[in-house]
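J.: Have a look at this one before I ask anything.
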Amino acid sequence: KKYSEGVNRLFDQSTSRAEIISTVINEEASTPDRPVITCTWRLSGRVNVGFGLEIKPYIVYTDFVVDPQTSLIVFQEDRFDLPPWDILLSSLFPFLIGKITSSPAPPVPKRELVKPKINLLEDSLPLPSLDFGDMFKSLFSKQ
């Protein structure tokens, strides 16, 4: 809870965006005792530091380690496609973007997710069987 409250205060909620690019089981980092799910996403917007700094869009890789017994996330680590100095320098001196610092991450293509259709029926009627397979395929596939 403290982490999410801190992130909420750090990022300007009216301009900041976290756009998911992909979510996959990370075969390279996973072991049977330590499965890892990697979420790749694009971060952009403003941070509430000093007078408010615009951050150049960049890519974040979040690795979630899952406990195979409970299926709960037991560890999370973020990696960035840019070194921290590039992110900071680009925020302080935006005229350097693409010259001395890296160019912004490209926009995330729009994805169409398959959402399950659930009919809320009266208690006296049987509930339909739900197949979430297509929904999970669309969430974890590269598009």
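Following the order of the structure tokens, first chain is A, next is B, and so on, with residues numbered from 1 inside each chain and ligands from 1 in the order they appear.
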Taking 5 positions as the minimum chain separation for residues in the same chain, which residues sit within 12 Å of Gly98 of chain A when counting only C-alpha atoms? Answer as an NGL selection string.

T.: :A and (56 or 86-87 or 89-90 or 93 or 103-105)

J.: Go ahead and write the selection's residues with all heavy atoms as a PDB file, in the first residue's frame.

T.:
```
ATOM      1  N   LYS A  56      10.727  11.793 -20.556  1.00  0.00           N
ATOM      2  CA  LYS A  56      10.721  11.261 -21.917  1.00  0.00           C
ATOM      3  C   LYS A  56      10.182   9.832 -21.847  1.00  0.00           C
ATOM      4  O   LYS A  56      10.552   9.063 -20.955  1.00  0.00           O
ATOM      5  CB  LYS A  56      12.158  11.285 -22.442  1.00  0.00           C
ATOM      6  CG  LYS A  56      12.417  10.461 -23.661  1.00  0.00           C
ATOM      7  CD  LYS A  56      13.853  10.556 -24.112  1.00  0.00           C
ATOM      8  CE  LYS A  56      14.801   9.904 -23.153  1.00  0.00           C
ATOM      9  NZ  LYS A  56      16.190   9.988 -23.598  1.00  0.00           N
ATOM     10  N   ASP A  86      20.342   9.059 -18.457  1.00  0.00           N
ATOM     11  CA  ASP A  86      19.674   9.498 -19.685  1.00  0.00           C
ATOM     12  C   ASP A  86      18.274  10.024 -19.355  1.00  0.00           C
ATOM     13  O   ASP A  86      17.847  11.066 -19.858  1.00  0.00           O
ATOM     14  CB  ASP A  86      19.601   8.330 -20.669  1.00  0.00           C
ATOM     15  CG  ASP A  86      19.078   8.722 -22.045  1.00  0.00           C
ATOM     16  OD1 ASP A  86      18.020   9.373 -22.127  1.00  0.00           O
ATOM     17  OD2 ASP A  86      19.722   8.357 -23.043  1.00  0.00           O
ATOM     18  N   ILE A  87      17.567   9.305 -18.498  1.00  0.00           N
ATOM     19  CA  ILE A  87      16.209   9.712 -18.097  1.00  0.00           C
ATOM     20  C   ILE A  87      16.261  11.059 -17.381  1.00  0.00           C
ATOM     21  O   ILE A  87      15.487  11.973 -17.692  1.00  0.00           O
ATOM     22  CB  ILE A  87      15.567   8.626 -17.213  1.00  0.00           C
ATOM     23  CG1 ILE A  87      15.430   7.314 -17.995  1.00  0.00           C
ATOM     24  CG2 ILE A  87      14.214   9.098 -16.677  1.00  0.00           C
ATOM     25  CD1 ILE A  87      15.122   6.103 -17.148  1.00  0.00           C
ATOM     26  N   LEU A  89      18.793  13.411 -17.361  1.00  0.00           N
ATOM     27  CA  LEU A  89      19.306  14.470 -18.235  1.00  0.00           C
ATOM     28  C   LEU A  89      18.235  14.927 -19.232  1.00  0.00           C
ATOM     29  O   LEU A  89      18.085  16.126 -19.486  1.00  0.00           O
ATOM     30  CB  LEU A  89      20.555  13.972 -18.968  1.00  0.00           C
ATOM     31  CG  LEU A  89      21.502  15.014 -19.521  1.00  0.00           C
ATOM     32  CD1 LEU A  89      22.019  15.932 -18.429  1.00  0.00           C
ATOM     33  CD2 LEU A  89      22.674  14.334 -20.220  1.00  0.00           C
ATOM     34  N   SER A  90      17.472  13.990 -19.762  1.00  0.00           N
ATOM     35  CA  SER A  90      16.403  14.324 -20.707  1.00  0.00           C
ATOM     36  C   SER A  90      15.292  15.134 -20.039  1.00  0.00           C
ATOM     37  O   SER A  90      14.664  15.974 -20.682  1.00  0.00           O
ATOM     38  CB  SER A  90      15.805  13.045 -21.308  1.00  0.00           C
ATOM     39  OG  SER A  90      16.774  12.366 -22.071  1.00  0.00           O
ATOM     40  N   PHE A  93      17.029  18.714 -19.266  1.00  0.00           N
ATOM     41  CA  PHE A  93      17.422  19.436 -20.477  1.00  0.00           C
ATOM     42  C   PHE A  93      16.780  18.774 -21.700  1.00  0.00           C
ATOM     43  O   PHE A  93      17.463  18.077 -22.467  1.00  0.00           O
ATOM     44  CB  PHE A  93      18.946  19.463 -20.622  1.00  0.00           C
ATOM     45  CG  PHE A  93      19.664  19.981 -19.410  1.00  0.00           C
ATOM     46  CD1 PHE A  93      20.309  19.112 -18.539  1.00  0.00           C
ATOM     47  CD2 PHE A  93      19.665  21.333 -19.118  1.00  0.00           C
ATOM     48  CE1 PHE A  93      20.960  19.583 -17.408  1.00  0.00           C
ATOM     49  CE2 PHE A  93      20.313  21.822 -17.999  1.00  0.00           C
ATOM     50  CZ  PHE A  93      20.960  20.944 -17.134  1.00  0.00           C
ATOM     51  N   SER A 103      16.442   8.859 -28.072  1.00  0.00           N
ATOM     52  CA  SER A 103      15.119   9.310 -28.522  1.00  0.00           C
ATOM     53  C   SER A 103      14.047   8.693 -27.629  1.00  0.00           C
ATOM     54  O   SER A 103      14.279   7.654 -27.002  1.00  0.00           O
ATOM     55  CB  SER A 103      14.878   8.888 -29.966  1.00  0.00           C
ATOM     56  OG  SER A 103      15.815   9.520 -30.805  1.00  0.00           O
ATOM     57  N   PRO A 104      12.855   9.293 -27.591  1.00  0.00           N
ATOM     58  CA  PRO A 104      11.766   8.715 -26.789  1.00  0.00           C
ATOM     59  C   PRO A 104      11.350   7.350 -27.343  1.00  0.00           C
ATOM     60  O   PRO A 104      11.499   7.078 -28.538  1.00  0.00           O
ATOM     61  CB  PRO A 104      10.616   9.711 -26.944  1.00  0.00           C
ATOM     62  CG  PRO A 104      11.189  10.914 -27.594  1.00  0.00           C
ATOM     63  CD  PRO A 104      12.473  10.526 -28.242  1.00  0.00           C
ATOM     64  N   ALA A 105      10.820   6.519 -26.462  1.00  0.00           N
ATOM     65  CA  ALA A 105      10.283   5.226 -26.898  1.00  0.00           C
ATOM     66  C   ALA A 105       9.109   5.477 -27.834  1.00  0.00           C
ATOM     67  O   ALA A 105       8.331   6.417 -27.630  1.00  0.00           O
ATOM     68  CB  ALA A 105       9.832   4.415 -25.693  1.00  0.00           C
TER      69      ALA A 105
END
```

J.: Can you tell me, as a list in words, what residues are no more than 6 Å from segment 31-41 of chain A when counting only C-alpha atoms, ignoring any on the same chain fewer than 6 positions away?

T.: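 Here the answer would be Glu19, Ile20, Ile21, Ser22, Thr23, Val24, Ile25, Ile59, Val60, Tyr61, Thr62, Asp63, Phe64, Val65 and Val66 of chain A.
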
J.: Using only C-alpha atoms, can you tell me which of A:Ala29, A:Leu82, A:Lys117, A:Glu54 comes closest to Asp12 of chain A?

T.: A:Glu54

J.: Run DSSP on the backbone and grab whatever in segment 3-105 of chain A lands in alpha helix (DSSP H); send it over as number ranges by chain.

T.: A: 3-10, 84-92

J.: So how far away is atom CA of Phe11 of chain A from atom CA of Gly45 of chain A, in Å?

T.: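 Distance reported for this atom pair: 7.6 Å.
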
J.: What is the atom CA of Phe80 of chain A-atom CA of Lys2 of chain A distance in Å, reported with one decimal?

T.: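 Calculated distance between atom CA of Phe80 of chain A and atom CA of Lys2 of chain A is 22.3 Å.
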
J.: For Thr101 of chain A, which of A:Thr15, A:Trp85, A:Ser71, A:Asn48 is the closest residue, counting only C-alpha atoms?

T.: A:Trp85

J.: To one decimal place in Å, what is the distance between atom CA of Pro83 of chain A and atom CA of Phe95 of chain A?

T.: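 For atom CA of Pro83 of chain A relative to atom CA of Phe95 of chain A, the distance reads 17.9 Å.
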
J.: Among the residues of segment 3-62 of chain A, find those DSSP assigns to strand (DSSP E) from the backbone and print them as a ChimeraX atom specification.

T.: /A:17-25,36-47,53-62

J.: Can you tell me which residues surround Gly50 of chain A at a distance of at most 12 Å, considering only C-alpha atoms, apart from same-chain residues fewer than 2 positions away, and format the answer as a ChimeraX atom specification?

T.: /A:10,46-48,52-54,91-92
